[in-house]
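> My structure is in final.pdb, and what it holds is PDB, C-alpha atoms:
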```
ATOM      1  CA  MET A  73      87.864  -2.353 -63.265
ATOM      2  CA  ILE A  74      87.579  -2.058 -67.000
ATOM      3  CA  ALA A  75      88.627  -5.697 -67.333
ATOM      4  CA  ALA A  76      85.078  -6.792 -66.506
ATOM      5  CA  LEU A  77      83.144  -4.079 -68.312
ATOM      6  CA  ARG A  78      80.485  -4.762 -70.888
ATOM      7  CA  GLN A  79      82.339  -4.839 -74.213
ATOM      8  CA  ALA A  80      80.437  -2.346 -76.281
ATOM      9  CA  ALA A  81      80.450   0.143 -73.424
ATOM     10  CA  LEU A  82      84.231  -0.121 -73.342
ATOM     11  CA  VAL A  83      84.279   0.601 -77.072
ATOM     12  CA  ALA A  84      82.262   3.752 -76.527
ATOM     13  CA  ALA A  85      84.415   4.858 -73.594
ATOM     14  CA  VAL A  86      87.694   4.458 -75.436
ATOM     15  CA  THR A  87      86.440   6.275 -78.519
ATOM     16  CA  ALA A  88      84.916   9.088 -76.476
ATOM     17  CA  VAL A  89      88.035   9.771 -74.458
ATOM     18  CA  ALA A  90      90.162   9.742 -77.614
ATOM     19  CA  ALA A  91      87.968  12.511 -79.017
ATOM     20  CA  VAL A  92      88.509  16.211 -78.324
ATOM     21  CA  ALA A  93      85.805  18.820 -78.892
ATOM     22  CA  GLY A  94      86.329  20.889 -82.017
ATOM     23  CA  CYS A  95      88.753  18.475 -83.707
ATOM     24  CA  ALA A  96      87.987  17.090 -87.128
ATOM     25  CA  ALA A  97      87.193  13.378 -87.159
ATOM     26  CA  VAL A  98      89.103  11.007 -89.393
ATOM     27  CA  PRO A  99      86.946  10.412 -92.495
ATOM     28  CA  PRO A 100      85.691   6.861 -93.062
ATOM     29  CA  ALA A 101      88.107   4.721 -95.041
ATOM     30  CA  ASP A 102      87.649   1.589 -97.079
ATOM     31  CA  GLY A 103      90.402  -0.195 -95.196
ATOM     32  CA  GLU A 104      92.873   0.311 -92.411
ATOM     33  CA  ARG A 105      95.012   3.330 -91.559
ATOM     34  CA  ILE A 106      97.942   3.660 -89.134
ATOM     35  CA  VAL A 107      98.587   7.157 -87.768
ATOM     36  CA  GLU A 108     101.510   8.421 -85.689
ATOM     37  CA  ILE A 109      99.847  10.721 -83.163
ATOM     38  CA  ALA A 110     102.737  13.146 -82.545
ATOM     39  CA  SER A 111     103.228  13.988 -86.226
ATOM     40  CA  GLY A 112      99.841  13.104 -87.688
ATOM     41  CA  ARG A 113     101.513  11.194 -90.511
ATOM     42  CA  THR A 114     100.019   8.041 -91.968
ATOM     43  CA  MET A 115     102.309   5.010 -91.866
ATOM     44  CA  SER A 116     102.487   1.679 -93.630
ATOM     45  CA  ARG A 117     102.568  -1.609 -91.773
ATOM     46  CA  ALA A 118     106.187  -1.993 -92.833
ATOM     47  CA  GLN A 119     107.079   1.342 -91.232
ATOM     48  CA  LEU A 120     105.292   0.427 -88.008
ATOM     49  CA  LEU A 121     107.027  -2.936 -87.967
ATOM     50  CA  ALA A 122     110.402  -1.214 -88.335
ATOM     51  CA  GLU A 123     109.614   0.978 -85.322
ATOM     52  CA  ILE A 124     108.514  -2.067 -83.341
ATOM     53  CA  ARG A 125     111.802  -3.835 -84.055
ATOM     54  CA  ALA A 126     113.710  -0.784 -82.808
ATOM     55  CA  SER A 127     111.702  -0.499 -79.571
ATOM     56  CA  ASP A 128     112.218  -2.002 -76.132
ATOM     57  CA  VAL A 129     108.519  -2.371 -75.299
ATOM     58  CA  VAL A 130     105.519  -2.422 -77.645
ATOM     59  CA  LEU A 131     101.890  -2.396 -76.525
ATOM     60  CA  LEU A 132      99.288  -3.433 -79.100
ATOM     61  CA  GLY A 133      95.713  -2.645 -78.051
ATOM     62  CA  GLU A 134      92.380  -3.881 -79.322
ATOM     63  CA  LEU A 135      88.651  -3.550 -79.149
ATOM     64  CA  HIS A 136      87.895  -7.036 -77.886
ATOM     65  CA  ASP A 137      84.889  -7.625 -80.152
ATOM     66  CA  ASN A 138      86.493  -6.400 -83.394
ATOM     67  CA  GLY A 139      87.820  -9.454 -85.195
ATOM     68  CA  SER A 140      89.880  -7.385 -87.643
ATOM     69  CA  HIS A 141      91.993  -6.103 -84.735
ATOM     70  CA  HIS A 142      93.048  -9.637 -83.875
ATOM     71  CA  ARG A 143      93.681 -10.584 -87.496
ATOM     72  CA  LEU A 144      95.754  -7.473 -88.270
ATOM     73  CA  ARG A 145      97.886  -7.789 -85.163
ATOM     74  CA  GLY A 146      98.378 -11.493 -85.864
ATOM     75  CA  GLU A 147      99.667 -10.667 -89.341
ATOM     76  CA  LEU A 148     102.030  -8.089 -87.857
ATOM     77  CA  LEU A 149     103.317 -10.424 -85.151
ATOM     78  CA  ALA A 150     103.985 -13.216 -87.650
ATOM     79  CA  GLU A 151     106.761 -11.014 -89.103
ATOM     80  CA  LEU A 152     108.562 -10.537 -85.801
ATOM     81  CA  PRO A 153     111.918 -12.182 -85.070
ATOM     82  CA  PRO A 154     111.885 -15.111 -82.610
ATOM     83  CA  SER A 155     113.972 -12.949 -80.247
ATOM     84  CA  ALA A 156     110.787 -11.027 -79.360
ATOM     85  CA  ALA A 157     108.788 -11.919 -76.254
ATOM     86  CA  VAL A 158     104.984 -11.719 -76.254
ATOM     87  CA  VAL A 159     102.952 -11.109 -73.088
ATOM     88  CA  VAL A 160      99.143 -11.373 -73.273
ATOM     89  CA  GLU A 161      96.239 -10.139 -71.195
ATOM     90  CA  TYR A 162      94.315 -13.361 -71.854
ATOM     91  CA  LEU A 163      96.456 -15.626 -69.634
ATOM     92  CA  PRO A 164      97.478 -15.418 -65.962
ATOM     93  CA  SER A 165     100.990 -14.187 -65.257
ATOM     94  CA  GLY A 166     103.576 -16.951 -65.282
ATOM     95  CA  ARG A 167     101.606 -19.245 -67.611
ATOM     96  CA  ARG A 168     102.988 -20.042 -71.060
ATOM     97  CA  ILE A 169     101.588 -21.614 -74.217
ATOM     98  CA  GLU A 170     103.333 -24.951 -74.693
ATOM     99  CA  PRO A 171     104.255 -26.442 -78.103
ATOM    100  CA  GLY A 172     101.822 -28.802 -79.792
ATOM    101  CA  PRO A 173      99.246 -29.161 -82.590
ATOM    102  CA  ASP A 174      96.021 -28.362 -80.673
ATOM    103  CA  LEU A 175      96.007 -24.580 -80.246
ATOM    104  CA  LEU A 176      92.823 -24.324 -78.188
ATOM    105  CA  GLY A 177      93.908 -27.202 -75.975
ATOM    106  CA  ARG A 178      97.275 -25.542 -75.389
ATOM    107  CA  LEU A 179      95.587 -22.231 -74.589
ATOM    108  CA  THR A 180      93.135 -23.855 -72.201
ATOM    109  CA  GLY A 181      96.006 -25.621 -70.470
ATOM    110  CA  ALA A 182      97.649 -22.225 -69.944
ATOM    111  CA  GLY A 183      94.531 -20.772 -68.326
ATOM    112  CA  PHE A 184      92.703 -19.278 -71.325
ATOM    113  CA  ASP A 185      88.936 -18.768 -70.835
ATOM    114  CA  ALA A 186      87.619 -19.787 -74.244
ATOM    115  CA  ARG A 187      84.001 -18.957 -73.469
ATOM    116  CA  GLY A 188      84.757 -15.627 -71.816
ATOM    117  CA  TRP A 189      86.995 -14.511 -74.702
ATOM    118  CA  ARG A 190      84.499 -15.877 -77.259
ATOM    119  CA  TRP A 191      86.794 -18.258 -79.048
ATOM    120  CA  PRO A 192      87.666 -18.362 -81.938
ATOM    121  CA  LEU A 193      87.668 -14.531 -82.036
ATOM    122  CA  HIS A 194      91.330 -14.322 -80.970
ATOM    123  CA  GLU A 195      92.534 -17.353 -82.937
ATOM    124  CA  PRO A 196      94.220 -15.326 -85.746
ATOM    125  CA  LEU A 197      96.091 -13.308 -83.122
ATOM    126  CA  PHE A 198      97.506 -16.340 -81.341
ATOM    127  CA  ARG A 199      98.409 -18.104 -84.583
ATOM    128  CA  GLY A 200     100.304 -15.039 -85.792
ATOM    129  CA  ALA A 201     102.126 -14.575 -82.499
ATOM    130  CA  LEU A 202     103.179 -18.206 -82.364
ATOM    131  CA  ALA A 203     104.181 -18.260 -86.059
ATOM    132  CA  SER A 204     107.107 -15.959 -85.309
ATOM    133  CA  GLY A 205     108.615 -18.470 -82.902
ATOM    134  CA  ALA A 206     108.504 -15.947 -80.058
ATOM    135  CA  PRO A 207     107.448 -17.256 -76.633
ATOM    136  CA  VAL A 208     103.899 -16.289 -75.604
ATOM    137  CA  SER A 209     103.143 -15.994 -71.895
ATOM    138  CA  GLY A 210     100.510 -14.506 -69.610
ATOM    139  CA  GLY A 211     100.656 -11.187 -67.820
ATOM    140  CA  ASN A 212      97.294 -10.819 -66.104
ATOM    141  CA  VAL A 213      96.197 -11.547 -62.549
ATOM    142  CA  PRO A 214      93.869 -14.509 -61.993
ATOM    143  CA  SER A 215      90.209 -13.609 -62.413
ATOM    144  CA  GLU A 216      89.483 -14.668 -58.836
ATOM    145  CA  LEU A 217      91.993 -12.142 -57.505
ATOM    146  CA  ALA A 218      90.585  -9.348 -59.660
ATOM    147  CA  ARG A 219      87.088 -10.068 -58.333
ATOM    148  CA  GLN A 220      88.390 -10.154 -54.770
ATOM    149  CA  VAL A 221      90.058  -6.742 -55.104
ATOM    150  CA  ALA A 222      86.908  -5.345 -56.742
ATOM    151  CA  ARG A 223      84.952  -6.471 -53.664
ATOM    152  CA  GLN A 224      87.434  -5.858 -50.839
ATOM    153  CA  GLY A 225      89.757  -3.168 -52.121
ATOM    154  CA  ALA A 226      93.373  -2.682 -51.048
ATOM    155  CA  THR A 227      93.327  -5.368 -48.350
ATOM    156  CA  ALA A 228      93.273  -8.037 -51.088
ATOM    157  CA  LEU A 229      96.096  -6.508 -53.141
ATOM    158  CA  PRO A 230      99.298  -8.613 -53.389
ATOM    159  CA  GLU A 231     102.281  -6.896 -51.794
ATOM    160  CA  ASP A 232     104.469  -6.842 -54.909
ATOM    161  CA  LEU A 233     101.767  -5.199 -57.022
ATOM    162  CA  ARG A 234     100.925  -2.798 -54.205
ATOM    163  CA  THR A 235     104.580  -1.674 -54.137
ATOM    164  CA  LEU A 236     104.618  -1.168 -57.903
ATOM    165  CA  LEU A 237     101.445   0.919 -57.839
ATOM    166  CA  GLN A 238     102.728   3.042 -54.958
ATOM    167  CA  SER A 239     105.814   3.869 -57.026
ATOM    168  CA  ALA A 240     103.682   5.257 -59.875
ATOM    169  CA  PRO A 241     100.598   7.123 -58.586
ATOM    170  CA  LEU A 242      98.179   8.456 -61.178
ATOM    171  CA  ALA A 243      97.977  12.171 -61.882
ATOM    172  CA  ALA A 244      94.564  13.665 -61.140
ATOM    173  CA  PRO A 245      93.551  14.087 -64.829
ATOM    174  CA  ALA A 246      94.536  10.489 -65.602
ATOM    175  CA  GLN A 247      92.527   9.172 -62.658
ATOM    176  CA  ALA A 248      89.562  11.242 -63.781
ATOM    177  CA  ASN A 249      89.813   9.670 -67.248
ATOM    178  CA  LEU A 250      89.993   6.182 -65.772
ATOM    179  CA  ASP A 251      87.046   6.817 -63.472
ATOM    180  CA  ALA A 252      84.984   8.193 -66.354
ATOM    181  CA  ASP A 253      85.705   5.087 -68.422
ATOM    182  CA  ILE A 254      84.756   2.789 -65.544
ATOM    183  CA  VAL A 255      81.478   4.611 -64.917
ATOM    184  CA  GLN A 256      80.587   4.676 -68.605
ATOM    185  CA  GLY A 257      81.556   1.038 -68.961
ATOM    186  CA  HIS A 258      79.115   0.151 -66.191
ATOM    187  CA  CYS A 259      76.319   2.093 -67.894
ATOM    188  CA  GLY A 260      76.551   4.924 -65.370
ATOM    189  CA  SER A 261      75.807   2.791 -62.307
ATOM    190  CA  VAL A 262      78.841   2.798 -59.975
ATOM    191  CA  GLY A 263      78.855   4.016 -56.368
ATOM    192  CA  ALA A 264      81.831   5.874 -54.900
ATOM    193  CA  LEU A 265      83.190   2.963 -52.818
ATOM    194  CA  ARG A 266      82.770   0.494 -55.649
ATOM    195  CA  LEU A 267      84.473   2.905 -58.025
ATOM    196  CA  ASP A 268      87.542   3.038 -55.770
ATOM    197  CA  ASN A 269      87.759  -0.760 -55.747
ATOM    198  CA  LEU A 270      87.169  -1.113 -59.483
ATOM    199  CA  ARG A 271      89.880   1.447 -60.168
ATOM    200  CA  LEU A 272      92.291  -0.450 -57.945
ATOM    201  CA  ALA A 273      91.469  -3.745 -59.647
ATOM    202  CA  GLN A 274      92.122  -2.217 -63.056
ATOM    203  CA  ARG A 275      95.392  -0.701 -61.853
ATOM    204  CA  MET A 276      96.391  -4.052 -60.375
ATOM    205  CA  ARG A 277      95.931  -5.732 -63.756
ATOM    206  CA  ASP A 278      98.077  -3.028 -65.361
ATOM    207  CA  ALA A 279     100.763  -3.505 -62.711
ATOM    208  CA  SER A 280     100.783  -7.260 -63.284
ATOM    209  CA  MET A 281     101.243  -6.802 -67.039
ATOM    210  CA  ALA A 282     103.937  -4.162 -66.541
ATOM    211  CA  ALA A 283     105.826  -6.556 -64.254
ATOM    212  CA  ALA A 284     105.492  -9.374 -66.795
ATOM    213  CA  LEU A 285     106.933  -7.143 -69.522
ATOM    214  CA  GLY A 286     109.863  -6.313 -67.247
ATOM    215  CA  ALA A 287     110.529 -10.001 -66.720
ATOM    216  CA  ALA A 288     110.138 -10.960 -70.392
ATOM    217  CA  ALA A 289     113.315 -12.502 -71.772
ATOM    218  CA  GLY A 290     113.265 -10.999 -75.250
ATOM    219  CA  ARG A 291     113.363  -7.817 -77.268
ATOM    220  CA  PRO A 292     111.107  -6.239 -78.109
ATOM    221  CA  ALA A 293     108.754  -7.179 -75.269
ATOM    222  CA  ILE A 294     105.231  -6.978 -76.684
ATOM    223  CA  LEU A 295     101.961  -6.728 -74.782
ATOM    224  CA  LEU A 296      98.664  -7.770 -76.350
ATOM    225  CA  ALA A 297      95.770  -6.296 -74.379
ATOM    226  CA  GLY A 298      92.669  -4.144 -74.546
ATOM    227  CA  ASN A 299      92.977  -0.484 -75.463
ATOM    228  CA  ALA A 300      92.409   0.650 -71.883
ATOM    229  CA  HIS A 301      95.504  -1.249 -70.739
ATOM    230  CA  VAL A 302      97.794   0.308 -73.365
ATOM    231  CA  ARG A 303      96.775   3.938 -72.742
ATOM    232  CA  ARG A 304      99.676   6.231 -71.897
ATOM    233  CA  ASP A 305      97.794   8.256 -69.280
ATOM    234  CA  TYR A 306      96.533   5.529 -66.939
ATOM    235  CA  GLY A 307      97.508   2.153 -68.413
ATOM    236  CA  VAL A 308     100.620  -0.006 -68.514
ATOM    237  CA  PRO A 309     102.738   2.711 -70.222
ATOM    238  CA  GLN A 310     102.175   5.030 -67.242
ATOM    239  CA  LEU A 311     103.650   2.423 -64.905
ATOM    240  CA  LEU A 312     106.562   1.676 -67.216
ATOM    241  CA  ALA A 313     107.384   5.382 -67.625
ATOM    242  CA  ALA A 314     107.581   5.766 -63.847
ATOM    243  CA  THR A 315     109.573   2.618 -63.142
ATOM    244  CA  ARG A 316     111.720   2.210 -66.285
ATOM    245  CA  PRO A 317     112.612   5.723 -67.464
ATOM    246  CA  GLY A 318     114.333   5.922 -70.817
ATOM    247  CA  ILE A 319     112.865   2.815 -72.398
ATOM    248  CA  ARG A 320     111.807   3.070 -76.039
ATOM    249  CA  LEU A 321     108.072   2.400 -75.961
ATOM    250  CA  ILE A 322     105.323   2.260 -78.588
ATOM    251  CA  SER A 323     101.645   2.130 -77.667
ATOM    252  CA  VAL A 324      99.210   1.338 -80.491
ATOM    253  CA  GLY A 325      95.496   1.887 -79.887
ATOM    254  CA  MET A 326      93.259  -0.096 -82.231
ATOM    255  CA  LEU A 327      90.242   2.134 -82.936
ATOM    256  CA  GLU A 328      87.571   2.342 -85.596
ATOM    257  CA  GLU A 329      87.010   4.751 -88.460
ATOM    258  CA  GLY A 330      85.355   7.984 -87.364
ATOM    259  CA  ALA A 331      87.372   8.256 -84.127
ATOM    260  CA  THR A 332      88.987  11.650 -83.518
ATOM    261  CA  LEU A 333      92.731  11.396 -83.030
ATOM    262  CA  ARG A 334      94.135  14.600 -81.557
ATOM    263  CA  ASP A 335      95.515  13.898 -78.068
ATOM    264  CA  ALA A 336      94.607  10.210 -78.354
ATOM    265  CA  PRO A 337      96.406   8.515 -75.426
ATOM    266  CA  TYR A 338      98.690   6.359 -77.592
ATOM    267  CA  THR A 339     101.822   6.891 -79.677
ATOM    268  CA  HIS A 340     100.016   5.411 -82.681
ATOM    269  CA  VAL A 341      96.433   4.640 -83.648
ATOM    270  CA  TRP A 342      95.439   1.880 -86.046
ATOM    271  CA  LEU A 343      92.032   2.614 -87.553
ATOM    272  CA  THR A 344      89.795  -0.125 -88.951
ATOM    273  CA  PRO A 345      86.184  -0.422 -90.150
ATOM    274  CA  ILE A 346      83.511  -0.440 -87.441
ATOM    275  CA  ALA A 347      82.482  -3.857 -86.167
ATOM    276  CA  PRO A 348      78.756  -4.541 -85.685
ATOM    277  CA  ARG A 349      77.755  -4.701 -82.016
ATOM    278  CA  ASP A 350      74.678  -4.657 -79.801
ATOM    279  CA  ASP A 351      73.463  -2.044 -77.329
ATOM    280  CA  PRO A 352      76.230  -1.957 -74.694
ATOM    281  CA  CYS A 353      73.869  -1.790 -71.738
ATOM    282  CA  ALA A 354      71.558  -4.544 -72.981
ATOM    283  CA  ARG A 355      74.265  -7.212 -72.832
ATOM    284  CA  SER A 356      74.584  -9.255 -69.663
ATOM    285  CA  ALA A 357      77.733 -11.266 -70.443
ATOM    286  CA  PRO A 358      80.995  -9.268 -70.207
ATOM    287  CA  ILE A 359      84.265 -10.137 -71.860
ATOM    288  CA  PRO A 360      86.930 -10.571 -69.128
ATOM    289  CA  GLY A 361      89.301  -7.939 -70.488
TER
END
```
Kindly transcribe the structure held in the file into structure tokens.

Amino acid sequence: MIAALRQAALVAAVTAVAAVAGCAAVPPADGERIVEIASGRTMSRAQLLAEIRASDVVLLGELHDNGSHHRLRGELLAELPPSAAVVVEYLPSGRRIEPGPDLLGRLTGAGFDARGWRWPLHEPLFRGALASGAPVSGGNVPSELARQVARQGATALPEDLRTLLQSAPLAAPAQANLDADIVQGHCGSVGALRLDNLRLAQRMRDASMAAALGAAAGRPAILLAGNAHVRRDYGVPQLLAATRPGIRLISVGMLEEGATLRDAPYTHVWLTPIAPRDDPCARSAPIPG
């Protein structure tokens, strides 16, 4: 599963799959840039926000270790109406952030792993989401369940998520993309049986978040998660397209300057400066996302 991959390896995997041989890369920019993939046009934040307000479901990705991704999305979310509903990867499904003055204490009480998510990296994101007045709840599976599925495979899969996944099988090219990301995220060291289980664990997380979006009492329903989860080919959008045809959906991948955009697996890409990071395969502590 990509949820437990080493962070910088995930960065490399997402950027590599977004690239297509022979396409011109986006030139480095001093600041941010939002691009609509279908048309290639550059958009303002105000234009993106207008599209978000007109959508049923919005998925906002991130590179987990890029602090600007959390800050920018927090600023965007602060402008949402309180009628929106926010679902996050960082909390188990069914858990909700309760009112109160101590943000970290409230997050911890809802199941947030402060050490694993390297608090306060996501603090601007949560403050922006809560500033709108929209409810913020979890959409992920518990970490223990994800580890169990990664070890045991389908026998550990909950029945409701199994049914959802069976209703939306991956196309062969999408599965190949997912497998390539998993292998690259594990620095090339994944056996065939383990790969099957890791793929299932990743898909289970996506199914849990898709179900949470379906149950969200608000419009738009917004998911905050890593870029891999918001991909249209094998992430949450693939499940929603199969189970909720006709919904108006936006998927925003948060990438870094220099990424190539043609055929990027999102409806929009938000480019930012590159964050400093270590050698992906030298790090021993993964981020749980």
> Report as a tab-separated table the residues of segment 260-349 of chain A within 7 Å of segment 243-256 of chain A, each with its shortest atom pair and distance in Å (one decimal), using all atoms listed in the file, ordered by chain and increasing residue number.

```
residue	atom	partner	partner_atom	distance
A:Gly260	CA	A:Val255	CA	5.0
A:Ser261	CA	A:Val255	CA	6.5
A:Val262	CA	A:Val255	CA	5.9
A:Arg271	CA	A:Asp251	CA	6.9
A:Asp305	CA	A:Ala246	CA	5.4
A:Tyr306	CA	A:Ala246	CA	5.5
```
> Please determine, counting all atoms listed in the file, which residue among A:Leu152, A:Leu120, A:Ala288, A:Leu233 has the shortest atom-to-atom distance to Val324 of chain A.
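Between A:Leu152, A:Leu120, A:Ala288, A:Leu233, the residue approaching Val324 of chain A most closely is A:Leu120.
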> Using all atoms listed in the file, determine which residues lie at most 10 Å from segment 275-280 of chain A, disregarding the query and same-chain residues fewer than 2 positions distant; provide the list as an MDAnalysis selection string.
chainID A and resid 73:75 161 164:165 210:215 217:218 221 226 229:230 232:237 240:242 250 269:273 282:286 297 300:302 306:312 361
> In Å, with one decimal, what is the gap from atom CA of Thr344 of chain A to atom CA of His136 of chain A?
13.2 Å
> Where does the PyMOL selection byres ((chain A and resi 125) around 12) land in this file, that is, which residues does it pick, as a PyMOL selection string?
chain A and resi 118-124+126-130+148-149+151-157+290-294+320-322
> Write a file of the just-selected residues containing C-alpha atoms, as a JSON list (two decimals), in the coordinates of the input.

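Saved the output as result.json:
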```
[["chain", "number", "residue", "atom", "x", "y", "z"],
["A", 118, "ALA", "CA", 106.19, -1.99, -92.83],
["A", 119, "GLN", "CA", 107.08, 1.34, -91.23],
["A", 120, "LEU", "CA", 105.29, 0.43, -88.01],
["A", 121, "LEU", "CA", 107.03, -2.94, -87.97],
["A", 122, "ALA", "CA", 110.40, -1.21, -88.34],
["A", 123, "GLU", "CA", 109.61, 0.98, -85.32],
["A", 124, "ILE", "CA", 108.51, -2.07, -83.34],
["A", 126, "ALA", "CA", 113.71, -0.78, -82.81],
["A", 127, "SER", "CA", 111.70, -0.50, -79.57],
["A", 128, "ASP", "CA", 112.22, -2.00, -76.13],
["A", 129, "VAL", "CA", 108.52, -2.37, -75.30],
["A", 130, "VAL", "CA", 105.52, -2.42, -77.64],
["A", 148, "LEU", "CA", 102.03, -8.09, -87.86],
["A", 149, "LEU", "CA", 103.32, -10.42, -85.15],
["A", 151, "GLU", "CA", 106.76, -11.01, -89.10],
["A", 152, "LEU", "CA", 108.56, -10.54, -85.80],
["A", 153, "PRO", "CA", 111.92, -12.18, -85.07],
["A", 154, "PRO", "CA", 111.88, -15.11, -82.61],
["A", 155, "SER", "CA", 113.97, -12.95, -80.25],
["A", 156, "ALA", "CA", 110.79, -11.03, -79.36],
["A", 157, "ALA", "CA", 108.79, -11.92, -76.25],
["A", 290, "GLY", "CA", 113.26, -11.00, -75.25],
["A", 291, "ARG", "CA", 113.36, -7.82, -77.27],
["A", 292, "PRO", "CA", 111.11, -6.24, -78.11],
["A", 293, "ALA", "CA", 108.75, -7.18, -75.27],
["A", 294, "ILE", "CA", 105.23, -6.98, -76.68],
["A", 320, "ARG", "CA", 111.81, 3.07, -76.04],
["A", 321, "LEU", "CA", 108.07, 2.40, -75.96],
["A", 322, "ILE", "CA", 105.32, 2.26, -78.59]]
```
> Interatomic distance between atom CA of Thr227 of chain A and atom CA of Ser209 of chain A?
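We find that atom CA of Thr227 of chain A and atom CA of Ser209 of chain A lie 27.6 Å from each other.
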> Around the point (99.4, 6.3, -76.9) in the file's coordinates, collect all residues with an atom within 8 Å, using all atoms listed in the file, and return them as a short mmCIF file (atom, residue, chain, number, x, y, z; two decimals) with C-alpha atoms, in the frame of the given file.

```cif
data_model
loop_
_atom_site.label_atom_id
_atom_site.label_comp_id
_atom_site.auth_asym_id
_atom_site.auth_seq_id
_atom_site.Cartn_x
_atom_site.Cartn_y
_atom_site.Cartn_z
CA ILE A 109 99.85 10.72 -83.16
CA VAL A 302 97.79 0.31 -73.36
CA ARG A 303 96.78 3.94 -72.74
CA ARG A 304 99.68 6.23 -71.90
CA ILE A 322 105.32 2.26 -78.59
CA SER A 323 101.64 2.13 -77.67
CA VAL A 324 99.21 1.34 -80.49
CA GLY A 325 95.50 1.89 -79.89
CA ALA A 336 94.61 10.21 -78.35
CA PRO A 337 96.41 8.52 -75.43
CA TYR A 338 98.69 6.36 -77.59
CA THR A 339 101.82 6.89 -79.68
CA HIS A 340 100.02 5.41 -82.68
CA VAL A 341 96.43 4.64 -83.65
#
```
> Tell me, in Å to one decimal, how far atom CA of Ser116 of chain A is from atom CA of Glu104 of chain A.
9.8 Å
